[in-house]
>>> print(open('start_27.cif').read())   # mmCIF, C-alpha atoms and all ligand atoms
data_my_file
#
loop_
_atom_site.label_atom_id
_atom_site.label_comp_id
_atom_site.auth_asym_id
_atom_site.auth_seq_id
_atom_site.Cartn_x
_atom_site.Cartn_y
_atom_site.Cartn_z
CA MET W 163 108.49 73.68 94.16
CA ALA W 164 105.18 72.79 92.52
CA VAL W 165 104.39 69.11 92.12
CA ARG W 166 102.05 68.33 89.24
CA VAL W 167 99.83 65.31 88.74
CA LEU W 168 97.81 64.65 85.60
CA HIS W 169 94.48 62.90 86.19
CA LEU W 170 93.15 60.82 83.30
CA SER W 171 90.12 58.56 83.57
CA ASP W 172 87.66 56.47 81.57
CA LEU W 173 89.57 55.75 78.36
CA HIS W 174 87.16 52.87 77.53
CA LEU W 175 89.64 51.59 74.99
CA GLY W 176 88.03 49.16 72.59
CA SER W 177 84.55 50.67 72.63
CA ARG W 178 82.95 50.38 69.23
CA GLY W 179 82.92 53.73 67.45
CA GLY W 180 84.33 55.46 70.52
CA GLN W 181 87.12 57.99 70.69
CA ILE W 182 90.04 58.35 73.05
CA ALA W 183 92.29 61.34 73.70
CA GLY W 184 92.36 63.98 71.00
CA PRO W 185 95.28 66.21 69.95
CA GLY W 186 97.13 68.41 72.42
CA LEU W 187 97.70 65.89 75.20
CA THR W 188 101.41 65.38 74.47
CA GLU W 189 101.98 69.13 74.33
CA LEU W 190 100.21 69.62 77.66
CA ILE W 191 102.36 66.91 79.26
CA GLU W 192 105.54 68.51 77.87
CA ARG W 193 104.54 71.91 79.19
CA ALA W 194 103.24 70.83 82.62
CA SER W 195 105.84 68.10 83.19
CA PRO W 196 103.77 66.12 85.72
CA GLU W 197 105.62 63.89 88.16
CA LEU W 198 102.87 61.31 87.85
CA ILE W 199 99.85 60.40 85.75
CA VAL W 200 97.05 58.84 87.78
CA VAL W 201 94.48 56.86 85.83
CA GLY W 202 91.07 56.53 87.43
CA GLY W 203 89.73 53.34 85.90
CA ASP W 204 87.67 52.13 82.95
CA LEU W 205 90.91 51.84 81.02
CA VAL W 206 89.12 49.48 78.64
CA ASN W 207 85.55 48.78 77.65
CA ARG W 208 85.13 45.04 78.18
CA GLY W 209 88.06 43.79 80.27
CA ARG W 210 89.75 42.04 77.34
CA ARG W 211 93.47 41.30 77.14
CA GLN W 212 94.05 43.06 73.85
CA GLN W 213 92.24 46.17 75.07
CA PHE W 214 94.46 46.22 78.18
CA GLU W 215 97.58 45.86 76.05
CA GLN W 216 96.53 48.79 73.90
CA SER W 217 95.56 51.05 76.79
CA ALA W 218 98.80 50.28 78.67
CA ALA W 219 100.90 50.96 75.56
CA PHE W 220 99.11 54.26 75.06
CA LEU W 221 99.48 55.38 78.71
CA ARG W 222 103.15 54.35 78.89
CA SER W 223 103.91 56.19 75.67
CA LEU W 224 102.96 59.49 77.35
CA GLY W 225 106.26 59.67 79.26
CA PRO W 226 105.72 60.28 83.00
CA ALA W 227 105.26 57.50 85.56
CA VAL W 228 101.73 56.05 85.47
CA ALA W 229 99.69 54.66 88.38
CA ALA W 230 96.33 53.12 87.49
CA VAL W 231 93.32 51.72 89.31
CA PRO W 232 90.54 49.68 87.68
CA GLY W 233 86.93 50.67 87.08
CA ASN W 234 83.79 48.60 86.56
CA HIS W 235 84.53 48.22 82.81
CA ASP W 236 87.93 46.65 83.56
CA LEU W 237 86.27 43.50 84.90
CA PRO W 238 85.80 40.61 82.47
CA TYR W 239 82.31 40.49 81.00
CA THR W 240 82.50 36.71 80.72
CA PHE W 241 81.87 34.01 83.30
CA PRO W 242 83.49 32.45 85.23
CA ALA W 243 86.50 34.80 84.73
CA ARG W 244 84.60 37.72 86.24
CA PHE W 245 84.56 35.90 89.58
CA SER W 246 87.46 33.45 89.36
CA HIS W 247 90.11 35.89 87.99
CA PRO W 248 88.56 39.36 88.09
CA TRP W 249 91.87 41.28 87.93
CA ARG W 250 94.09 38.92 85.93
CA GLU W 251 94.23 41.08 82.80
CA PHE W 252 94.50 44.35 84.70
CA GLU W 253 97.32 43.01 86.86
CA ARG W 254 99.12 41.55 83.84
CA GLN W 255 99.74 45.15 82.80
CA TRP W 256 99.81 47.04 86.10
CA ALA W 257 100.88 44.40 88.69
CA THR W 258 98.45 45.65 91.31
CA THR W 259 94.98 47.21 91.48
CA GLU W 260 96.02 49.42 94.41
CA PRO W 261 99.31 51.15 93.52
CA VAL W 262 101.27 53.45 95.81
CA HIS W 263 103.56 56.16 94.42
CA ARG W 264 105.97 57.80 96.87
CA SER W 265 108.52 60.52 96.29
CA GLU W 266 110.11 63.28 98.31
CA HIS W 267 107.13 65.61 97.81
CA LEU W 268 104.20 63.36 96.89
CA LEU W 269 102.30 60.34 98.17
CA ALA W 270 99.64 59.03 95.77
CA ILE W 271 97.57 56.00 96.75
CA GLY W 272 95.24 54.18 94.37
CA LEU W 273 92.19 52.28 95.67
CA ASN W 274 90.21 49.62 93.84
CA SER W 275 86.49 50.41 94.16
CA ALA W 276 85.21 48.08 91.42
CA GLN W 277 83.71 44.76 92.53
CA PRO W 278 82.86 41.70 90.41
CA TRP W 279 79.42 41.27 91.99
CA ARG W 280 78.42 44.88 91.40
CA HIS W 281 77.42 46.10 87.98
CA GLN W 282 77.93 49.89 88.08
CA SER W 283 78.29 50.82 91.73
CA GLY W 284 81.46 50.65 93.81
CA SER W 285 82.79 50.10 97.30
CA LEU W 286 86.13 49.86 99.09
CA ARG W 287 87.48 46.95 101.06
CA ARG W 288 87.82 47.76 104.73
CA ASP W 289 91.45 46.62 104.94
CA SER W 290 92.38 48.81 101.95
CA LEU W 291 90.84 51.85 103.58
CA GLU W 292 92.59 51.12 106.89
CA ARG W 293 95.96 50.64 105.18
CA THR W 294 95.50 53.88 103.22
CA ALA W 295 94.58 55.82 106.35
CA ARG W 296 97.70 54.50 108.07
CA LEU W 297 99.97 55.41 105.17
CA LEU W 298 98.51 58.91 105.00
CA ALA W 299 98.79 59.50 108.72
CA GLU W 300 102.43 58.33 108.80
CA THR W 301 103.42 60.76 106.06
CA PRO W 302 104.88 64.16 107.06
CA PRO W 303 102.41 67.02 106.54
CA GLU W 304 104.66 68.81 104.03
CA VAL W 305 104.28 65.88 101.59
CA TYR W 306 101.26 66.33 99.26
CA ARG W 307 98.79 63.48 99.69
CA LEU W 308 96.49 62.27 96.94
CA VAL W 309 94.07 59.33 96.88
CA PHE W 310 92.53 58.21 93.60
CA LEU W 311 89.83 55.67 92.81
CA HIS W 312 87.20 55.01 90.15
CA HIS W 313 83.90 55.69 91.90
CA HIS W 314 83.04 59.25 92.81
CA LEU W 315 82.42 60.70 96.26
CA ALA W 316 80.96 64.02 95.12
CA CYS W 317 78.23 63.94 92.49
CA ALA W 318 78.24 65.13 88.91
CA PRO W 319 77.45 68.78 88.16
CA TRP W 320 74.79 67.56 85.73
CA ARG W 321 72.41 64.66 86.04
CA ALA W 322 74.00 61.22 86.05
CA ARG W 323 72.33 57.96 87.04
CA LYS W 324 75.53 56.56 88.47
CA ARG W 325 75.57 56.18 92.23
CA PRO W 326 78.49 57.48 94.31
CA LEU W 327 80.84 55.21 96.21
CA SER W 328 79.10 53.11 98.82
CA ASP W 329 79.50 54.43 102.38
CA ARG W 330 81.12 57.59 101.04
CA ARG W 331 80.55 59.58 104.25
CA HIS W 332 82.64 57.15 106.24
CA VAL W 333 85.32 56.98 103.55
CA LEU W 334 85.52 60.76 103.26
CA ARG W 335 85.78 61.23 107.03
CA LYS W 336 88.39 58.52 107.40
CA LEU W 337 90.60 59.87 104.62
CA ALA W 338 90.14 63.48 105.80
CA GLU W 339 91.13 62.59 109.35
CA SER W 340 94.24 60.90 107.97
CA GLY W 341 95.34 64.11 106.26
CA VAL W 342 94.58 63.58 102.56
CA ASP W 343 94.79 66.77 100.43
CA LEU W 344 92.90 65.65 97.34
CA ILE W 345 90.62 62.73 96.40
CA ALA W 346 90.31 62.15 92.65
CA SER W 347 87.72 59.94 90.93
CA GLY W 348 86.26 59.19 87.52
CA HIS W 349 83.31 57.01 86.43
CA ILE W 350 80.76 59.75 85.70
CA HIS W 351 82.57 61.23 82.69
CA GLN W 352 81.94 64.76 83.95
CA GLY W 353 84.44 67.13 85.52
CA SER W 354 83.74 68.49 88.99
CA VAL W 355 85.91 70.20 91.60
CA VAL W 356 84.75 70.96 95.13
CA GLU W 357 86.38 71.69 98.49
CA ARG W 358 84.92 69.86 101.47
CA HIS W 359 83.93 73.06 103.28
CA GLU W 360 81.66 73.87 100.33
CA PHE W 361 79.34 71.00 101.25
CA ASP W 362 80.14 69.92 104.82
CA VAL W 363 79.71 72.29 107.75
CA GLY W 364 81.56 69.90 110.05
CA ALA W 365 84.68 69.69 107.89
CA GLY W 366 87.15 70.91 110.53
CA ILE W 367 90.15 73.08 109.69
CA ARG W 368 92.08 71.27 106.97
CA PRO W 369 90.98 71.78 103.38
CA LEU W 370 90.27 68.74 101.23
CA VAL W 371 89.65 68.94 97.49
CA VAL W 372 87.35 66.34 95.92
CA THR W 373 87.32 65.99 92.13
CA THR W 374 86.03 63.90 89.27
CA ALA W 375 87.69 63.85 85.87
CA PRO W 376 85.93 64.25 82.54
CA GLY W 377 86.25 61.17 80.35
CA LEU W 378 89.53 60.82 78.46
CA GLY W 379 87.58 58.65 76.07
CA ARG W 380 84.11 59.02 74.61
CA PRO W 381 82.72 55.50 74.38
CA ARG W 382 79.31 56.86 73.35
CA PRO W 383 80.13 59.79 71.08
CA HIS W 384 76.48 60.69 70.56
CA ARG W 385 75.56 60.86 74.21
CA GLN W 386 75.09 64.30 75.74
CA ARG W 387 75.77 65.01 79.43
CA GLU W 388 79.32 63.72 79.26
CA ALA W 389 82.59 65.60 78.93
CA HIS W 390 85.80 64.81 77.06
CA GLY W 391 88.92 66.01 78.84
CA LEU W 392 91.15 65.72 81.90
CA GLN W 393 92.28 67.43 85.11
CA LEU W 394 95.72 68.77 86.03
CA TYR W 395 96.65 69.25 89.70
CA SER W 396 99.46 71.50 90.97
CA PHE W 397 100.47 71.21 94.59
CA ASP W 398 102.35 74.21 95.93
CA GLU W 399 103.48 75.15 99.41
CA GLY W 400 100.29 76.94 100.37
CA GLU W 401 97.96 76.12 97.51
CA ILE W 402 96.36 73.41 95.40
CA THR W 403 95.40 74.38 91.84
CA VAL W 404 93.05 72.34 89.68
CA GLU W 405 92.94 73.01 85.96
CA THR W 406 90.23 71.42 83.83
CA TYR W 407 90.94 70.84 80.15
CA ILE W 408 88.21 69.91 77.69
CA TRP W 409 88.42 69.00 74.01
CA ARG W 410 86.32 71.41 72.01
CA GLU W 411 86.28 71.18 68.25
CA ASN W 412 89.22 68.81 68.47
CA GLU W 413 91.34 71.25 70.47
CA LEU W 414 92.30 70.70 74.11
CA ARG W 415 91.39 73.94 75.86
CA LEU W 416 91.82 75.18 79.40
CA THR W 417 88.24 75.49 80.62
CA GLY W 418 88.66 76.43 84.26
CA THR W 419 91.21 77.02 87.01
CA ARG W 420 90.35 76.69 90.67
CA ARG W 421 92.74 77.46 93.54
CA PHE W 422 92.43 76.28 97.12
CA PRO W 423 94.54 77.27 100.12
CA ARG W 424 96.27 74.23 101.58
FE FE B 1 83.51 55.03 82.46
FE FE B 2 82.80 53.38 85.39
#
>>> encode(input="start_27.cif", output="structure tokens")
Amino acid sequence: MAVRVLHLSDLHLGSRGGQIAGPGLTELIERASPELIVVGGDLVNRGRRQQFEQSAAFLRSLGPAVAAVPGNHDLPYTFPARFSHPWREFERQWATTEPVHRSEHLLAIGLNSAQPWRHQSGSLRRDSLERTARLLAETPPEVYRLVFLHHHLACAPWRARKRPLSDRRHVLRKLAESGVDLIASGHIHQGSVVERHEFDVGAGIRPLVVTTAPGLGRPRPHRQREAHGLQLYSFDEGEITVETYIWRENELRLTGTRRFPR
């Protein structure tokens, strides 16, 4: 039985003049019937309560279960809240910044890579990474294992100034050794899909797919070098399929399908 997960990221709700999802999203969800929607951060543009209320209402209206992690834009832009209560508004809606979704066939773990003292870049807390590695390693191999976070491990296909996750080599190795099947990120607003053997000669036997999602929102509609869309993952017994959907002329179109043996 295929298990599907929809990956949305970077809504940037509340950005002035920006757009969020276009038409076709509801139809895609009805057709694909994902078990879970993972949301890869930057749910809002300025970390404000009203923006969080709107983004949560939108995401919950889609139907399937939702698990969300924050991005750098989900931190308050005001002081001292940015340091004294960095996650208060996010947690008011989502209870935790590091959710875990478990079912018979799927384990999905969210990690919080945004930090109040960093502007754009991201890092993981050591204890979060250790806990995630433990959870992954304890899970039977037939269960599909997904980790999602805001900051990317693999770079954008086109030029982006944004730096990847701090210490990404260590993080990648640790998660790979613990048996993760797919690591999904956002932040760069460009879609990319790569299997670890395509860039790492020492990757061992097990395949590991590393993706970034296009932006679900377009906070800067006039900026080039960004994409407006989403990713859909299907986990099957021997295969992981990644479908990339992009809005073109206000229509959500399948742009690419990539399959990886599991
Ligand atoms: Fe973003
Ligand atoms: Fe971001």
>>> closest_residue(input="start_27.cif", among="W:Gln213, W:Gln255, W:Asn274, W:Thr188", to="Gly225 of chain W", atoms="only C-alpha atoms")
W:Thr188
>>> axis_aligned_box(input="start_27.cif", around="segment 364-375 of chain W", padding_each_side="5 Å", output="JSON")
{"center_x": 86.8, "center_y": 68.5, "center_z": 98.2, "size_x": 20.5, "size_y": 19.2, "size_z": 34.7}
>>> closest_residue(input="start_27.cif", among="W:Arg244, W:Leu173, W:Thr294, W:Ile345", to="ligand FE 2 (chain B)", atoms="only C-alpha atoms and all ligand atoms")
W:Leu173
>>> atom_distance(input="start_27.cif", atom1="atom CA of Leu298 of chain W", atom2="atom CA of Val342 of chain W")
6.6 Å
>>> closest_atom_pairs(input="start_27.cif", of="chain W", to="ligand FE 1 (chain B)", cutoff="7 Å", atoms="all atoms listed in the file", output="Markdown table")
| residue | atom | partner | partner_atom | distance |
| --- | --- | --- | --- | --- |
| W:Asp172 | CA | B:FE1 | FE | 4.5 |
| W:His174 | CA | B:FE1 | FE | 6.5 |
| W:Asp204 | CA | B:FE1 | FE | 5.1 |
| W:His235 | CA | B:FE1 | FE | 6.9 |
| W:His349 | CA | B:FE1 | FE | 4.4 |
| W:Ile350 | CA | B:FE1 | FE | 6.4 |
| W:His351 | CA | B:FE1 | FE | 6.3 |
>>> residues_around(input="start_27.cif", residues="Thr374 of chain W", least_positions_apart="2", cutoff="7 Å", atoms="all atoms listed in the file", output="list in words")
His314, Ala346, Ser347, Gly348, Gln352, Gly353, Ser354, Val355 and Pro376 of chain W
